[in-house]
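See below for the structure under consideration.
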Amino acid sequence: MRLVLVPTPIGHLKDITLRALEVLKEAEVVACEDTRRTGLLLRHYGIPTPTLRLDQHTVGRAKEVLAPYRYVAYATDAGTPGISDPGAELVRLALEWGWRVEALPGPTALIPALVVSGLPTHRFTFEGFLPKGGKERRARLEALAREGRTAVLYESPHRLRKTLEDLLEVYGPHHPVAVARELTKLHEEVYRGTLEGALAHFQEPRGEFVLVLAPKEEAPPEGRALLEALKGEGL
Ligand code: SAM
C-alpha cells in the first residue's frame, strides 16, 4: 500500500502544489476528513478521483476501509495532514501495518503565522492546541514560558479569549504576541502587540487563529530589538 499525505489550502484555493494536484489525480481514492470539503477542492481542479471519509472517529479502521486500494492520497480539512489533525494517527497506524508512507510539502497554518509575526523564527516550538483545562493545561503553559523560544499555538474562535487570558497570567500583560486570523482568506488579519492588547482587540473572535508568542526568557540579540519594537501596540 502506498499512502501519500497531501497538504491542501488553508483558505486560498490556489495554495496547492502542482505535485499535490498530480497525486490527487493519480491516486485510486482520496481518503479525507470531510468528503464535502475535499470534494469542493477536487471539483475546482476538475479531478474525478473518488473520495472516502476517514476522520478522527474512523481512522482506526483505515486498514479495512482502504483494503481494496493500492494507492491512496490522504487529505485533511486544511493544511498538512499530521499537524493537529487525524493524519498523525493514520501515519502511526500505517507504519505499524508496513505501508509505504510519503508526505508532500505544502500549506500549513503555523509557518505563515510564524514568519509574518515579526518574532524570532530561528528557534520556535509548536504547541498546537493546548489541553482544554485542568492541571495539564496549566503545566503546559508554564513549560512553554520556560522554553525560551517563540511559541506557536492553534486556537478556535470560541476559546481564543480564554487562552489569551491564561497566557496573560503566565507571561504577563505586556508580553509580545502576534495573532494571525484567517490567513490567506478575505478577512486575513495579523494583530501584533501585547497579550493585554490582543484581548482588547479580539472582543468577539471569529474565524481561525494562530497565536505566536515571543520567548519569555533569553530573547536572542536579534530578537530583542524586534521585541522592543513590538511592545508598542498594533505594530
Ligand atoms: N493541519 C492543519 C495545518 O497544517 O495547519 C491544522 C489543522 S487544525 C485541526 C485547524 C487549526 O489550524 C485552526 O483551529 C487554526 O488554529 C489553524 N488554521 C487553519 N487554517 C487557518 C487559517 N487560514 N488562518 C489561521 N489559522 C488557521
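Identifiers for the C-alpha cells are assigned positionally: chains receive A, B, ... in sequence, residues are indexed from 1 per chain, and ligands are indexed from 1 in the order shown.
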(message) Which residues are near ligand 1 - at most 7 Å, using only C-alpha atoms and all ligand atoms? Format: as a ChimeraX atom specification.
(response) /A:10-11,76,78-85,107-110,154-156,180-185,208-210
Could the residues in this selection be saved with N, CA and C atoms as an mmCIF file, in the first residue's frame?
```cif
data_model
loop_
_atom_site.group_PDB
_atom_site.id
_atom_site.type_symbol
_atom_site.label_atom_id
_atom_site.label_comp_id
_atom_site.auth_asym_id
_atom_site.auth_seq_id
_atom_site.Cartn_x
_atom_site.Cartn_y
_atom_site.Cartn_z
ATOM 1 N N ILE A 10 -5.158 26.305 3.117
ATOM 2 C CA ILE A 10 -5.739 26.692 4.413
ATOM 3 C C ILE A 10 -6.755 27.816 4.219
ATOM 4 N N GLY A 11 -7.037 28.161 2.996
ATOM 5 C CA GLY A 11 -8.003 29.223 2.720
ATOM 6 C C GLY A 11 -8.067 29.492 1.226
ATOM 7 N N THR A 76 -6.542 16.223 4.807
ATOM 8 C CA THR A 76 -7.387 16.619 5.940
ATOM 9 C C THR A 76 -8.143 17.887 5.538
ATOM 10 N N ALA A 78 -7.740 21.031 6.085
ATOM 11 C CA ALA A 78 -6.912 22.121 5.581
ATOM 12 C C ALA A 78 -5.488 21.915 6.050
ATOM 13 N N GLY A 79 -4.539 22.330 5.227
ATOM 14 C CA GLY A 79 -3.143 22.282 5.625
ATOM 15 C C GLY A 79 -2.530 20.897 5.486
ATOM 16 N N THR A 80 -1.493 20.677 6.279
ATOM 17 C CA THR A 80 -0.704 19.452 6.163
ATOM 18 C C THR A 80 -1.255 18.345 7.055
ATOM 19 N N PRO A 81 -1.632 17.206 6.476
ATOM 20 C CA PRO A 81 -2.125 16.101 7.300
ATOM 21 C C PRO A 81 -1.038 15.678 8.294
ATOM 22 N N GLY A 82 -1.441 15.522 9.537
ATOM 23 C CA GLY A 82 -0.463 15.115 10.566
ATOM 24 C C GLY A 82 -0.171 16.248 11.525
ATOM 25 N N ILE A 83 -0.560 17.478 11.165
ATOM 26 C CA ILE A 83 -0.361 18.611 12.071
ATOM 27 C C ILE A 83 -1.700 18.941 12.723
ATOM 28 N N SER A 84 -1.832 18.557 13.997
ATOM 29 C CA SER A 84 -3.063 18.805 14.778
ATOM 30 C C SER A 84 -4.308 18.311 14.066
ATOM 31 N N ASP A 85 -4.220 17.146 13.457
ATOM 32 C CA ASP A 85 -5.398 16.544 12.821
ATOM 33 C C ASP A 85 -5.240 15.019 12.766
ATOM 34 N N PRO A 107 1.050 23.615 2.119
ATOM 35 C CA PRO A 107 0.489 24.577 3.071
ATOM 36 C C PRO A 107 0.255 24.020 4.470
ATOM 37 N N THR A 108 0.467 24.903 5.438
ATOM 38 C CA THR A 108 0.154 24.631 6.834
ATOM 39 C C THR A 108 -0.001 26.006 7.481
ATOM 40 N N ALA A 109 -0.824 26.115 8.520
ATOM 41 C CA ALA A 109 -1.094 27.444 9.088
ATOM 42 C C ALA A 109 0.061 27.966 9.943
ATOM 43 N N LEU A 110 0.837 27.055 10.542
ATOM 44 C CA LEU A 110 1.803 27.539 11.524
ATOM 45 C C LEU A 110 2.947 28.344 10.924
ATOM 46 N N TYR A 154 -2.335 26.864 18.124
ATOM 47 C CA TYR A 154 -3.592 26.936 17.383
ATOM 48 C C TYR A 154 -4.725 27.183 18.390
ATOM 49 N N GLU A 155 -5.747 27.897 17.950
ATOM 50 C CA GLU A 155 -6.902 28.063 18.837
ATOM 51 C C GLU A 155 -8.174 28.288 18.032
ATOM 52 N N SER A 156 -9.283 27.818 18.585
ATOM 53 C CA SER A 156 -10.578 28.020 17.929
ATOM 54 C C SER A 156 -11.133 29.370 18.378
ATOM 55 N N ALA A 180 -2.577 35.702 14.308
ATOM 56 C CA ALA A 180 -2.888 35.661 12.869
ATOM 57 C C ALA A 180 -4.279 35.058 12.699
ATOM 58 N N ARG A 181 -5.130 35.797 12.003
ATOM 59 C CA ARG A 181 -6.523 35.356 11.833
ATOM 60 C C ARG A 181 -6.817 35.170 10.338
ATOM 61 N N GLU A 182 -7.508 34.070 10.012
ATOM 62 C CA GLU A 182 -7.990 33.848 8.648
ATOM 63 C C GLU A 182 -6.891 34.014 7.586
ATOM 64 N N LEU A 183 -5.751 33.387 7.847
ATOM 65 C CA LEU A 183 -4.628 33.502 6.910
ATOM 66 C C LEU A 183 -5.025 33.061 5.508
ATOM 67 N N THR A 184 -4.581 33.815 4.542
ATOM 68 C CA THR A 184 -4.815 33.581 3.097
ATOM 69 C C THR A 184 -6.273 33.779 2.676
ATOM 70 N N LYS A 185 -7.136 34.179 3.599
ATOM 71 C CA LYS A 185 -8.560 34.368 3.273
ATOM 72 C C LYS A 185 -8.871 35.854 3.141
ATOM 73 N N GLU A 208 -10.420 31.590 12.053
ATOM 74 C CA GLU A 208 -9.404 30.652 12.532
ATOM 75 C C GLU A 208 -8.179 31.436 12.988
ATOM 76 N N PHE A 209 -7.554 30.940 14.041
ATOM 77 C CA PHE A 209 -6.476 31.724 14.675
ATOM 78 C C PHE A 209 -5.205 30.918 14.916
ATOM 79 N N VAL A 210 -4.070 31.599 14.741
ATOM 80 C CA VAL A 210 -2.782 31.073 15.200
ATOM 81 C C VAL A 210 -2.167 32.151 16.097
#
```
(message) Need to verify the contact set: A:Val115, 12 Å, only C-alpha atoms, exclusion of same-chain residues closer than 2 positions in sequence. Can you return it as an MDAnalysis selection string?
(response) chainID A and resid 109:113 117:124 150 152 178:180 190 210:212
Residues of stretch 79-155 of chain A that approach stretch 161-175 of chain A to 10 Å or less, counting only C-alpha atoms: could you list each one with the shortest pair of atoms and its distance in Å to one decimal, rows by chain and increasing residue number, as CSV?
```
residue,atom,partner,partner_atom,distance
A:Phe129,CA,A:Thr163,CA,9.9
A:Leu130,CA,A:Thr163,CA,8.4
A:Lys132,CA,A:Thr163,CA,9.2
A:Arg137,CA,A:Asp166,CA,9.3
A:Arg138,CA,A:Asp166,CA,8.3
A:Leu141,CA,A:Val170,CA,7.0
A:Glu142,CA,A:Val170,CA,6.6
A:Leu144,CA,A:Val170,CA,9.4
A:Ala145,CA,A:Tyr171,CA,6.7
A:Arg146,CA,A:Tyr171,CA,9.9
A:Leu153,CA,A:Thr163,CA,9.8
A:Glu155,CA,A:Thr163,CA,7.9
```
Write out as a short mmCIF file (atom, residue, chain, number, x, y, z; two decimals) with C-alpha atoms, in the first residue's frame each polymer residue whose atoms come within 6 Å of A:Pro176, counting only C-alpha atoms; drop sequence neighbours fewer than 6 positions from it.
```
data_model
loop_
_atom_site.label_atom_id
_atom_site.label_comp_id
_atom_site.auth_asym_id
_atom_site.auth_seq_id
_atom_site.Cartn_x
_atom_site.Cartn_y
_atom_site.Cartn_z
CA GLY A 193 1.14 43.85 20.10
CA THR A 194 0.81 42.61 23.68
CA ALA A 214 7.66 35.90 21.91
#
```
Give me, as a PDB file with N, CA and C atoms, in the first residue's frame, all polymer residues having an atom no more than 9 Å from A:Thr49, counting only C-alpha atoms and skipping those fewer than 4 positions away in the same chain.
```pdb
ATOM      1  N   LEU A  24      -3.361  13.767  -6.340  1.00  0.00           N
ATOM      2  CA  LEU A  24      -4.825  13.650  -6.155  1.00  0.00           C
ATOM      3  C   LEU A  24      -5.461  13.037  -7.411  1.00  0.00           C
ATOM      4  N   LYS A  25      -4.892  13.353  -8.553  1.00  0.00           N
ATOM      5  CA  LYS A  25      -5.422  12.847  -9.825  1.00  0.00           C
ATOM      6  C   LYS A  25      -5.068  11.368 -10.028  1.00  0.00           C
ATOM      7  N   GLU A  26      -3.832  11.009  -9.663  1.00  0.00           N
ATOM      8  CA  GLU A  26      -3.334   9.656  -9.953  1.00  0.00           C
ATOM      9  C   GLU A  26      -3.803   8.597  -8.951  1.00  0.00           C
ATOM     10  N   ALA A  27      -4.065   9.005  -7.708  1.00  0.00           N
ATOM     11  CA  ALA A  27      -4.414   8.012  -6.672  1.00  0.00           C
ATOM     12  C   ALA A  27      -5.725   7.316  -7.040  1.00  0.00           C
ATOM     13  N   GLU A  28      -5.901   6.114  -6.503  1.00  0.00           N
ATOM     14  CA  GLU A  28      -7.161   5.386  -6.774  1.00  0.00           C
ATOM     15  C   GLU A  28      -8.309   6.005  -5.998  1.00  0.00           C
ATOM     16  N   VAL A  29      -7.975   6.538  -4.816  1.00  0.00           N
ATOM     17  CA  VAL A  29      -9.006   7.132  -3.974  1.00  0.00           C
ATOM     18  C   VAL A  29      -8.376   8.248  -3.133  1.00  0.00           C
ATOM     19  N   VAL A  30      -9.189   9.258  -2.801  1.00  0.00           N
ATOM     20  CA  VAL A  30      -8.714  10.299  -1.880  1.00  0.00           C
ATOM     21  C   VAL A  30      -9.454  10.088  -0.558  1.00  0.00           C
ATOM     22  N   LEU A  42     -11.483  19.147  -5.187  1.00  0.00           N
ATOM     23  CA  LEU A  42     -11.276  18.282  -6.354  1.00  0.00           C
ATOM     24  C   LEU A  42     -12.074  18.796  -7.554  1.00  0.00           C
TER      25      LEU A  42
END
```
(message) Just checking: using only C-alpha atoms, which residue out of A:Glu204, A:Glu64, A:Glu89, A:Glu102 ends up closest to A:Leu3?
(response) A:Glu102
Can you tell me, as an mmCIF file with C-alpha atoms, in the first residue's frame, which residues in stretch 41-202 of chain A count as helix (DSSP H, G or I) by DSSP?
```cif
data_model
loop_
_atom_site.group_PDB
_atom_site.id
_atom_site.type_symbol
_atom_site.label_atom_id
_atom_site.label_comp_id
_atom_site.auth_asym_id
_atom_site.auth_seq_id
_atom_site.Cartn_x
_atom_site.Cartn_y
_atom_site.Cartn_z
ATOM 1 C CA LEU A 41 -11.322 21.228 -3.959
ATOM 2 C CA LEU A 42 -11.276 18.282 -6.354
ATOM 3 C CA ARG A 43 -14.139 19.716 -8.395
ATOM 4 C CA HIS A 44 -12.426 23.088 -8.538
ATOM 5 C CA VAL A 59 -9.073 6.407 11.313
ATOM 6 C CA GLY A 60 -8.579 3.275 13.453
ATOM 7 C CA ARG A 61 -10.468 1.293 10.792
ATOM 8 C CA ALA A 62 -8.301 2.548 7.921
ATOM 9 C CA LYS A 63 -6.896 -0.920 7.237
ATOM 10 C CA GLU A 64 -10.329 -2.393 6.415
ATOM 11 C CA VAL A 65 -11.659 0.736 4.737
ATOM 12 C CA GLY A 87 -3.243 12.481 9.867
ATOM 13 C CA ALA A 88 -0.807 11.829 12.731
ATOM 14 C CA GLU A 89 -2.746 8.768 13.921
ATOM 15 C CA LEU A 90 -3.113 7.498 10.357
ATOM 16 C CA VAL A 91 0.653 7.679 9.814
ATOM 17 C CA ARG A 92 1.323 5.897 13.111
ATOM 18 C CA LEU A 93 -1.014 3.062 12.148
ATOM 19 C CA ALA A 94 0.139 2.911 8.513
ATOM 20 C CA LEU A 95 3.763 2.466 9.588
ATOM 21 C CA GLU A 96 2.697 -0.252 12.022
ATOM 22 C CA LEU A 110 1.803 27.539 11.524
ATOM 23 C CA ILE A 111 4.597 28.633 9.176
ATOM 24 C CA PRO A 112 2.946 31.699 7.595
ATOM 25 C CA ALA A 113 1.791 32.794 11.070
ATOM 26 C CA LEU A 114 5.297 32.437 12.476
ATOM 27 C CA VAL A 115 7.086 34.240 9.678
ATOM 28 C CA VAL A 116 4.597 37.103 9.474
ATOM 29 C CA SER A 117 4.642 37.607 13.268
ATOM 30 C CA GLY A 134 -7.152 21.356 34.365
ATOM 31 C CA LYS A 135 -3.677 20.840 35.685
ATOM 32 C CA GLU A 136 -2.307 19.675 32.357
ATOM 33 C CA ARG A 137 -3.194 22.970 30.693
ATOM 34 C CA ARG A 138 -1.515 24.996 33.407
ATOM 35 C CA ALA A 139 1.558 22.752 33.355
ATOM 36 C CA ARG A 140 1.879 23.116 29.559
ATOM 37 C CA LEU A 141 1.549 26.892 29.762
ATOM 38 C CA GLU A 142 4.265 27.078 32.381
ATOM 39 C CA ALA A 143 6.522 24.731 30.425
ATOM 40 C CA LEU A 144 6.026 26.905 27.333
ATOM 41 C CA ALA A 145 7.034 30.023 29.225
ATOM 42 C CA ARG A 146 10.232 28.296 30.378
ATOM 43 C CA PRO A 157 -12.533 31.304 17.946
ATOM 44 C CA HIS A 158 -14.668 30.384 20.950
ATOM 45 C CA ARG A 159 -11.624 29.581 23.105
ATOM 46 C CA LEU A 160 -9.339 32.380 21.918
ATOM 47 C CA ARG A 161 -10.145 34.808 24.732
ATOM 48 C CA LYS A 162 -9.784 32.161 27.434
ATOM 49 C CA THR A 163 -6.390 31.167 26.037
ATOM 50 C CA LEU A 164 -5.233 34.793 25.813
ATOM 51 C CA GLU A 165 -6.334 35.296 29.434
ATOM 52 C CA ASP A 166 -4.426 32.210 30.601
ATOM 53 C CA LEU A 167 -1.339 33.218 28.627
ATOM 54 C CA LEU A 168 -1.540 36.677 30.149
ATOM 55 C CA GLU A 169 -1.460 35.151 33.610
ATOM 56 C CA VAL A 170 1.680 33.175 32.859
ATOM 57 C CA TYR A 171 3.549 35.575 30.563
ATOM 58 C CA LEU A 195 -1.362 39.957 25.310
ATOM 59 C CA GLU A 196 -3.402 42.664 27.027
ATOM 60 C CA GLY A 197 -3.786 44.482 23.694
ATOM 61 C CA ALA A 198 -4.862 41.294 21.900
ATOM 62 C CA LEU A 199 -7.594 40.754 24.477
ATOM 63 C CA ALA A 200 -8.856 44.271 23.934
ATOM 64 C CA HIS A 201 -8.665 43.833 20.149
#
```
(request) Measuring atom to atom with only C-alpha atoms, identify which of A:Lys216, A:Arg37, A:Lys14, A:Arg206 is nearest to A:Arg149. (result)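 Closest residue, counting only C-alpha atoms: A:Lys216.
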(message) Among stretch 157-225 of chain A, which ones does DSSP assign to strand (DSSP E) (computed from the backbone)? Answer as a list in words.
(response) Pro176, Val177, Ala178, Val179, Ala180, Arg181, Glu189, Val190, Tyr191, Arg192, Gly193, Thr194, Phe209, Val210, Leu211, Val212 and Leu213 of chain A
